[in-house]
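Next up, entry.csv (CSV, C-alpha atoms and all ligand atoms):
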chain,number,residue,atom,x,y,z
A,268,MET,CA,0.5,16.9,13.1
A,269,ASN,CA,2.8,19.8,12.5
A,270,SER,CA,6.0,17.8,12.6
A,271,ARG,CA,8.0,18.0,9.4
A,272,VAL,CA,9.2,14.9,7.5
A,273,GLU,CA,12.9,14.8,8.2
A,274,ILE,CA,13.8,12.5,5.5
A,275,ASP,CA,16.5,12.8,2.9
A,276,THR,CA,14.4,12.8,-0.2
A,277,GLU,CA,17.5,11.8,-2.3
A,278,GLN,CA,17.8,8.7,-0.2
A,279,ALA,CA,14.1,8.1,-0.2
A,280,GLN,CA,14.0,7.5,-4.0
A,281,PRO,CA,14.0,3.8,-4.9
A,282,ALA,CA,17.3,2.4,-6.1
A,283,GLN,CA,16.1,1.4,-9.6
A,284,VAL,CA,12.8,2.0,-11.1
A,285,GLY,CA,12.0,1.0,-14.6
A,286,GLU,CA,11.2,4.2,-16.6
A,287,ASP,CA,8.7,6.1,-14.5
A,288,ALA,CA,6.5,3.2,-13.5
A,289,VAL,CA,7.0,2.0,-10.0
A,290,LEU,CA,4.5,-0.8,-10.4
A,291,ALA,CA,2.7,-2.3,-13.4
A,292,CYS,CA,0.7,-5.3,-14.5
A,293,ARG,CA,-0.2,-6.7,-17.9
A,294,GLN,CA,-3.1,-9.1,-18.8
A,295,LEU,CA,-3.4,-10.1,-15.1
A,296,ARG,CA,-5.8,-13.0,-14.5
A,297,LYS,CA,-6.7,-14.7,-11.3
A,298,CYS,CA,-8.9,-17.7,-10.8
A,299,TYR,CA,-9.9,-19.3,-7.5
A,300,ARG,CA,-11.3,-22.8,-7.2
A,301,GLN,CA,-14.7,-22.3,-5.4
A,302,GLY,CA,-17.4,-24.9,-4.9
A,303,GLY,CA,-16.0,-27.3,-7.5
A,304,ARG,CA,-15.5,-24.8,-10.2
A,305,ASP,CA,-13.2,-22.0,-11.3
A,306,LEU,CA,-14.1,-18.5,-10.4
A,307,GLU,CA,-12.3,-15.9,-12.5
A,308,VAL,CA,-11.9,-12.8,-10.3
A,309,LEU,CA,-9.6,-10.8,-12.5
A,310,SER,CA,-9.6,-11.2,-16.3
A,311,GLY,CA,-6.9,-9.2,-18.1
A,312,VAL,CA,-6.2,-6.3,-15.8
A,313,GLU,CA,-3.8,-3.7,-17.1
A,314,LEU,CA,-2.3,-1.0,-14.8
A,315,GLU,CA,0.7,1.2,-14.6
A,316,VAL,CA,1.5,3.3,-11.5
A,317,LYS,CA,3.8,6.2,-12.1
A,318,ARG,CA,6.2,7.6,-9.6
A,319,GLY,CA,4.4,10.0,-7.2
A,320,GLU,CA,1.0,9.1,-8.5
A,321,LYS,CA,-2.0,8.6,-6.2
A,322,LEU,CA,-4.5,6.1,-7.5
A,323,ALA,CA,-7.8,4.9,-6.2
A,324,ILE,CA,-9.3,1.5,-6.9
A,325,VAL,CA,-13.0,1.2,-6.2
A,326,GLY,CA,-15.5,-1.5,-6.8
A,327,ALA,CA,-18.3,-3.6,-5.1
A,328,SER,CA,-17.5,-5.9,-2.3
A,329,GLY,CA,-16.2,-9.2,-3.8
A,330,SER,CA,-15.2,-7.6,-7.1
A,331,GLY,CA,-11.5,-8.6,-6.6
A,332,LYS,CA,-9.9,-5.4,-5.2
A,333,SER,CA,-8.0,-7.1,-2.4
A,334,THR,CA,-7.0,-9.9,-4.8
A,335,LEU,CA,-5.6,-7.3,-7.2
A,336,LEU,CA,-3.6,-5.5,-4.4
A,337,ASN,CA,-2.2,-8.8,-3.2
A,338,LEU,CA,-1.0,-9.7,-6.7
A,339,LEU,CA,0.5,-6.3,-7.2
A,340,GLY,CA,2.3,-6.6,-4.0
A,341,GLY,CA,3.6,-10.1,-4.8
A,342,LEU,CA,1.7,-11.6,-1.8
A,343,ASP,CA,-0.1,-14.0,-4.1
A,344,THR,CA,0.7,-15.3,-7.7
A,345,PRO,CA,-1.5,-14.7,-10.7
A,346,SER,CA,-3.1,-17.5,-12.8
A,347,SER,CA,-1.6,-15.7,-15.8
A,348,GLY,CA,-0.2,-12.3,-16.8
A,349,GLU,CA,2.7,-10.4,-15.3
A,350,VAL,CA,3.4,-8.0,-12.4
A,351,ARG,CA,6.4,-5.7,-12.6
A,352,VAL,CA,7.8,-4.0,-9.5
A,353,ALA,CA,10.5,-1.4,-10.2
A,354,GLY,CA,10.6,-2.8,-13.7
A,355,ARG,CA,11.3,-6.4,-12.6
A,356,ASN,CA,8.9,-9.2,-13.6
A,357,LEU,CA,8.0,-11.0,-10.3
A,358,ALA,CA,7.6,-14.3,-12.1
A,359,GLU,CA,11.3,-14.3,-13.1
A,360,LEU,CA,12.5,-14.1,-9.5
A,361,ASN,CA,12.9,-16.7,-6.9
A,362,ALA,CA,11.1,-16.3,-3.5
A,363,ASN,CA,14.1,-14.6,-1.9
A,364,GLU,CA,14.5,-12.1,-4.7
A,365,ARG,CA,10.8,-11.5,-4.8
A,366,GLY,CA,10.8,-10.8,-1.0
A,367,TRP,CA,13.7,-8.5,-1.3
A,368,LEU,CA,12.2,-6.5,-4.3
A,369,ARG,CA,8.9,-6.2,-2.4
A,370,ASN,CA,10.5,-5.1,0.8
A,371,SER,CA,12.7,-2.5,-0.8
A,372,ASN,CA,10.0,-1.0,-3.1
A,373,LEU,CA,6.6,-1.5,-1.6
A,374,GLY,CA,4.7,-0.9,1.7
A,375,PHE,CA,1.4,-2.3,2.8
A,376,VAL,CA,-1.4,-0.9,4.9
A,377,TYR,CA,-4.5,-3.0,5.6
A,378,GLN,CA,-8.0,-2.1,6.8
A,379,PHE,CA,-7.3,-3.5,10.2
A,380,HIS,CA,-3.8,-2.3,11.1
A,381,HIS,CA,-2.3,-5.8,11.8
A,382,LEU,CA,0.0,-4.4,14.4
A,383,LEU,CA,1.6,-6.7,16.9
A,384,ASN,CA,-0.1,-6.0,20.2
A,385,GLU,CA,2.7,-7.1,22.5
A,386,PHE,CA,5.1,-4.6,20.9
A,387,SER,CA,5.3,-0.8,21.2
A,388,ALA,CA,4.6,1.5,18.3
A,389,LEU,CA,8.4,2.0,17.9
A,390,GLU,CA,9.0,-1.7,17.8
A,391,ASN,CA,6.2,-2.4,15.4
A,392,VAL,CA,7.6,0.3,13.0
A,393,ALA,CA,11.2,-0.9,13.4
A,394,MET,CA,10.2,-4.5,12.7
A,395,PRO,CA,10.5,-4.5,8.8
A,396,LEU,CA,14.0,-3.0,9.1
A,397,LEU,CA,15.1,-5.6,11.7
A,398,ILE,CA,13.7,-8.4,9.5
A,399,GLY,CA,15.8,-6.8,6.7
A,400,ARG,CA,18.8,-7.2,9.1
A,401,ARG,CA,19.4,-3.5,9.7
A,402,PRO,CA,21.4,-2.9,12.9
A,403,VAL,CA,19.1,-2.3,15.9
A,404,ALA,CA,20.3,1.3,16.6
A,405,GLU,CA,19.8,2.3,13.0
A,406,ALA,CA,16.3,0.6,12.8
A,407,ARG,CA,15.3,2.4,16.0
A,408,SER,CA,16.5,5.8,14.7
A,409,GLU,CA,14.7,5.4,11.4
A,410,ALA,CA,11.5,4.2,13.1
A,411,GLU,CA,11.6,7.3,15.4
A,412,THR,CA,12.1,9.6,12.4
A,413,ILE,CA,9.1,8.2,10.6
A,414,LEU,CA,6.9,8.1,13.7
A,415,LYS,CA,7.6,11.8,14.3
A,416,ALA,CA,6.7,12.4,10.6
A,417,VAL,CA,3.3,10.9,11.1
A,418,GLY,CA,2.8,13.0,14.3
A,419,LEU,CA,3.4,10.2,16.8
A,420,GLY,CA,6.6,11.4,18.4
A,421,GLU,CA,5.0,11.5,21.8
A,422,ARG,CA,3.4,8.0,21.5
A,423,MET,CA,6.4,5.8,20.4
A,424,GLU,CA,6.5,3.7,23.6
A,425,HIS,CA,2.7,3.1,23.6
A,426,LYS,CA,1.4,-0.4,22.7
A,427,PRO,CA,-1.4,-0.6,20.1
A,428,SER,CA,-4.0,-1.1,22.9
A,429,GLN,CA,-3.0,2.3,24.4
A,430,LEU,CA,-3.6,4.1,21.1
A,431,SER,CA,-6.7,5.4,19.4
A,432,GLY,CA,-7.9,3.9,16.1
A,433,GLY,CA,-6.5,6.8,14.1
A,434,GLU,CA,-3.2,6.6,15.9
A,435,ARG,CA,-3.0,2.8,15.3
A,436,GLN,CA,-3.6,3.4,11.6
A,437,ARG,CA,-0.8,6.1,11.6
A,438,VAL,CA,1.5,3.5,13.2
A,439,ALA,CA,0.6,1.1,10.4
A,440,ILE,CA,1.3,3.8,7.8
A,441,ALA,CA,4.7,4.5,9.5
A,442,ARG,CA,5.5,0.8,9.4
A,443,ALA,CA,4.7,0.8,5.6
A,444,LEU,CA,6.9,3.8,5.1
A,445,VAL,CA,9.9,2.9,7.2
A,446,THR,CA,11.6,1.0,4.4
A,447,ARG,CA,11.2,4.1,2.2
A,448,PRO,CA,9.2,2.4,-0.5
A,449,ALA,CA,8.5,3.8,-3.9
A,450,CYS,CA,4.8,2.8,-3.6
A,451,VAL,CA,2.4,2.1,-0.7
A,452,LEU,CA,-0.5,-0.3,-1.3
A,453,MET,CA,-3.5,0.4,1.0
A,454,ASP,CA,-6.5,-1.9,1.3
A,455,GLU,CA,-9.4,0.3,2.7
A,456,PRO,CA,-7.0,2.1,5.1
A,457,THR,CA,-9.7,4.3,6.6
A,458,GLY,CA,-12.7,1.9,6.2
A,459,ASN,CA,-12.6,1.2,10.0
A,460,LEU,CA,-12.2,4.9,11.1
A,461,ASP,CA,-14.7,7.7,11.7
A,462,ARG,CA,-14.8,10.5,9.1
A,463,ALA,CA,-12.7,13.1,11.1
A,464,THR,CA,-10.0,10.5,11.7
A,465,ALA,CA,-10.1,9.3,8.1
A,466,ALA,CA,-9.7,13.0,6.9
A,467,GLU,CA,-6.6,13.2,9.1
A,468,ILE,CA,-5.1,10.1,7.5
A,469,HIS,CA,-5.9,11.5,4.0
A,470,LYS,CA,-4.1,14.7,4.9
A,471,LEU,CA,-1.1,12.7,6.1
A,472,MET,CA,-1.1,10.6,2.8
A,473,ASN,CA,-1.1,13.8,0.7
A,474,ARG,CA,1.7,15.3,2.7
A,475,LEU,CA,3.9,12.2,2.5
A,476,ASN,CA,3.1,12.0,-1.2
A,477,GLN,CA,4.2,15.6,-1.8
A,478,GLU,CA,7.3,15.5,0.5
A,479,MET,CA,8.6,12.1,-0.3
A,480,GLY,CA,7.3,11.5,-3.8
A,481,ILE,CA,5.7,8.2,-2.7
A,482,SER,CA,3.0,6.6,-5.0
A,483,PHE,CA,-0.1,5.4,-3.3
A,484,VAL,CA,-2.5,2.7,-4.6
A,485,ILE,CA,-5.6,2.9,-2.4
A,486,VAL,CA,-8.5,0.6,-2.4
A,487,THR,CA,-11.4,2.6,-0.9
A,488,HIS,CA,-15.1,2.9,-0.5
A,489,ASP,CA,-14.8,6.5,0.3
A,490,PRO,CA,-15.9,8.7,-2.7
A,491,ASP,CA,-14.4,11.8,-1.2
A,492,LEU,CA,-11.0,10.1,-1.0
A,493,ALA,CA,-11.3,8.6,-4.5
A,494,ALA,CA,-12.2,12.0,-6.0
A,495,ALA,CA,-9.2,13.7,-4.3
A,496,LEU,CA,-6.6,11.4,-5.9
A,497,ASP,CA,-5.0,11.6,-9.3
A,498,ARG,CA,-6.9,8.7,-10.9
A,499,CYS,CA,-9.7,6.5,-10.0
A,500,LEU,CA,-10.1,3.0,-11.5
A,501,HIS,CA,-13.3,0.9,-11.2
A,502,LEU,CA,-13.0,-2.9,-10.8
A,503,ILE,CA,-16.1,-4.4,-12.5
A,504,ASP,CA,-16.4,-8.0,-13.8
A,505,GLY,CA,-12.7,-8.6,-13.4
A,506,GLN,CA,-11.7,-5.6,-15.4
A,507,LEU,CA,-10.5,-2.1,-14.5
A,508,ILE,CA,-13.1,-0.3,-16.7
A,509,ALA,CA,-13.0,3.4,-16.0
A,510,ASP,CA,-9.9,5.4,-15.7
A,511,TRP,CA,-10.0,9.1,-15.6
A,512,HIS,CA,-7.4,11.7,-14.9
A,513,GLN,CA,-8.5,14.4,-12.5
A,514,GLY,CA,-7.4,17.1,-14.9
A,515,ASP,CA,-9.7,15.8,-17.6
A,516,HIS,CA,-12.8,16.5,-15.5
A,517,VAL,CA,-12.8,20.1,-14.6
B,601,LIG,P1,-12.9,-7.4,-2.6
B,601,LIG,O1,-11.6,-7.0,-1.9
B,601,LIG,O2,-13.2,-6.5,-3.8
B,601,LIG,O3,-14.0,-7.4,-1.7
B,601,LIG,P2,-11.7,-10.0,-2.9
B,601,LIG,O4,-10.5,-9.8,-3.8
B,601,LIG,O5,-11.5,-10.2,-1.5
B,601,LIG,O6,-12.8,-8.9,-3.2
B,601,LIG,O7,-12.5,-11.3,-3.4
B,601,LIG,C1,-13.0,-11.4,-4.8
B,601,LIG,C2,-13.6,-12.8,-5.0
B,601,LIG,O8,-12.7,-13.8,-4.8
B,601,LIG,C3,-14.7,-13.1,-3.9
B,601,LIG,O9,-15.8,-13.7,-4.6
B,601,LIG,C4,-14.0,-14.0,-3.0
B,601,LIG,O10,-14.9,-14.9,-2.4
B,601,LIG,C5,-13.0,-14.7,-3.8
B,601,LIG,N1,-11.8,-15.1,-3.1
B,601,LIG,C6,-10.9,-14.2,-2.6
B,601,LIG,N2,-9.9,-14.9,-2.0
B,601,LIG,C7,-10.1,-16.2,-2.2
B,601,LIG,C8,-9.4,-17.4,-1.9
B,601,LIG,N3,-8.3,-17.4,-1.2
B,601,LIG,N4,-10.0,-18.6,-2.3
B,601,LIG,C9,-11.1,-18.6,-3.0
B,601,LIG,N5,-11.8,-17.5,-3.3
B,601,LIG,C10,-11.4,-16.3,-2.9
B,602,MG,MG,-11.2,-6.5,0.1
Would you put the structure from the file into structure tokens?
Amino acid sequence: MNSRVEIDTEQAQPAQVGEDAVLACRQLRKCYRQGGRDLEVLSGVELEVKRGEKLAIVGASGSGKSTLLNLLGGLDTPSSGEVRVAGRNLAELNANERGWLRNSNLGFVYQFHHLLNEFSALENVAMPLLIGRRPVAEARSEAETILKAVGLGERMEHKPSQLSGGERQRVAIARALVTRPACVLMDEPTGNLDRATAAEIHKLMNRLNQEMGISFVIVTHDPDLAAALDRCLHLIDGQLIADWHQGDHV
């Protein structure tokens, strides 16, 4: 993975980001109707993700980590409270505007890569740009650039079934990055990979963070990864209760 990221960092900056927070939420609550009663999964979560910051969210299974990530990414709506992406309150936008804001500022990587099996790595990565109506030649060239950046220049025509687990996850990361988002949200991105492959993915995230200034919010069970990031937040009983900055703990 020696290939350099050939990306114009000027262009990689998001168009308009409120102050230095790329993503924020205030008093975020989420309830689900379960077994005839309301289950409050998140109760007043406060969070601000700064540009270029790498943040871990840890917590027990069922504590609401995926719920929080989906709310932050505008994939689901909160019961109350607000989410701001690039300074814009998602609740004040219609579905089209929300989709546009999400696509131009955020990228998503899931535990299971969610790639489309009938398409090549290149086609999977170009897909978000084509959906955003970018011309095919331009989408292809952007997808090639980012696939080279994640070390998959030689694998672009392969389908997911012809790639290893680590390679598939790198394709998923490339797909999340191709729109040049300010922030990438990852839900247990290495939970399904062996340690050595996970370490490769971590190295890649760090490099992209340094070279492109992308923020990462990573839900993880991996204590090594959580400790290596700028901040680690614990989701317990619906609240983000601990929040330390690495520099405070020397
Ligand atoms: P985590 O990602 O930390 O494992 P989740 O956010 O997936 O936790 O789930 C938190 C809680 O919310 C769990 O008790 C789960 O059963 C419940 N939950 C998640 N999604 C839904 C849903 N769509 N409908 C009802 N309950 C849900
Ligand atoms: Mg989850």
Smallest atom-to-atom distance to ligand MG 602 (chain B): which of A:Lys332, A:Arg401, A:Arg296, A:Arg447, using all atoms listed in the file? A:Lys332
Within 9 Å of ligand LIG 601 (chain B) (counting all atoms listed in the file), which residues show up? I'd like them as a count of residues only. 26
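Around range 382-384 of chain A, within 9 Å and counting all atoms listed in the file, the residues found are A:Phe379, A:His380, A:Phe386, A:Ser387, A:Ala388, A:Glu390, A:Asn391, A:Lys426, A:Pro427, A:Ser428, A:Arg435, A:Val438, A:Ala439, once anything fewer than 2 positions away on its own chain is removed.
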For CA of Ala353 in chain A and CA of Leu368 in chain A, determine how far apart the two atoms are, in Å to one decimal place.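 The value is 8.0 Å.
The two atoms in question, CA of Ile468 in chain A and CA of Met394 in chain A, are spaced 21.8 Å apart.
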Write out as a PyMOL selection string which residues come within 12 Å of Glu434 in chain A when counting only C-alpha atoms, dropping same-chain ones fewer than 2 positions away. chain A and resi 268+380+382+388+414+417-423+425-432+436-441+457+460+464-465+467-468+471
Between A:Val289, A:Ile324, A:Gly480, A:Asn363, which has the minimum distance to ligand MG 602 (chain B) (counting only C-alpha atoms and all ligand atoms)?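 Among A:Val289, A:Ile324, A:Gly480, A:Asn363, it is A:Ile324 that comes nearest to ligand MG 602 (chain B).
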Using all atoms listed in the file, the residue out of A:Pro456, A:Leu290, A:Glu478, A:Ala495 with shortest distance to ligand MG 602 (chain B) is A:Pro456
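Among the candidate residues A:Asn361, A:Gln506, A:Ser408, A:Gln378, the one lying nearest to His488 in chain A is A:Gln378, with distances computed using only C-alpha atoms.
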Ranking A:Arg355, A:Val484, A:Arg400, A:Gly458 by minimum distance to ligand MG 602 (chain B) and counting all atoms listed in the file, which one comes first?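 Counting all atoms listed in the file, the residue closest to ligand MG 602 (chain B) is A:Gly458.
You will find CA of Met453 in chain A at 9.5 Å from CA of Ala323 in chain A.
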Minimum-distance residue to Glu364 in chain A, chosen among A:Gly341, A:Glu405, A:Val376, A:Glu385 (using all atoms listed in the file):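 Answer, going by the shortest atom-to-atom distance: A:Gly341.
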Determine, counting only C-alpha atoms, which protein, DNA and RNA residues have an atom within 7 Å of an atom of Glu313 in chain A; residues of the same chain fewer than 2 positions away are not included. Present the result as a list in words.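 That gives Cys292, Arg293, Gln294, Leu295 and Gly311 of chain A.
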Atoms kept (C-alpha atoms) for selection, written as a compact mmCIF listing (two decimals), in the frame of the given file:
# COMPACT_ATOMS: atom_id res chain seq x y z
CA CYS A 292 0.70 -5.30 -14.50
CA ARG A 293 -0.20 -6.70 -17.90
CA GLN A 294 -3.10 -9.10 -18.80
CA LEU A 295 -3.40 -10.10 -15.10
CA GLY A 311 -6.90 -9.20 -18.10
Using all atoms listed in the file - which residues lie no farther than 7 Å from the point (5.0, 7.8, -7.6) in the file's frame? Write them as a list in words.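 Answer for this query, in the requested form: Val289, Val316, Lys317, Arg318, Gly319, Glu320, Ala449, Cys450, Gly480, Ile481 and Ser482 of chain A.
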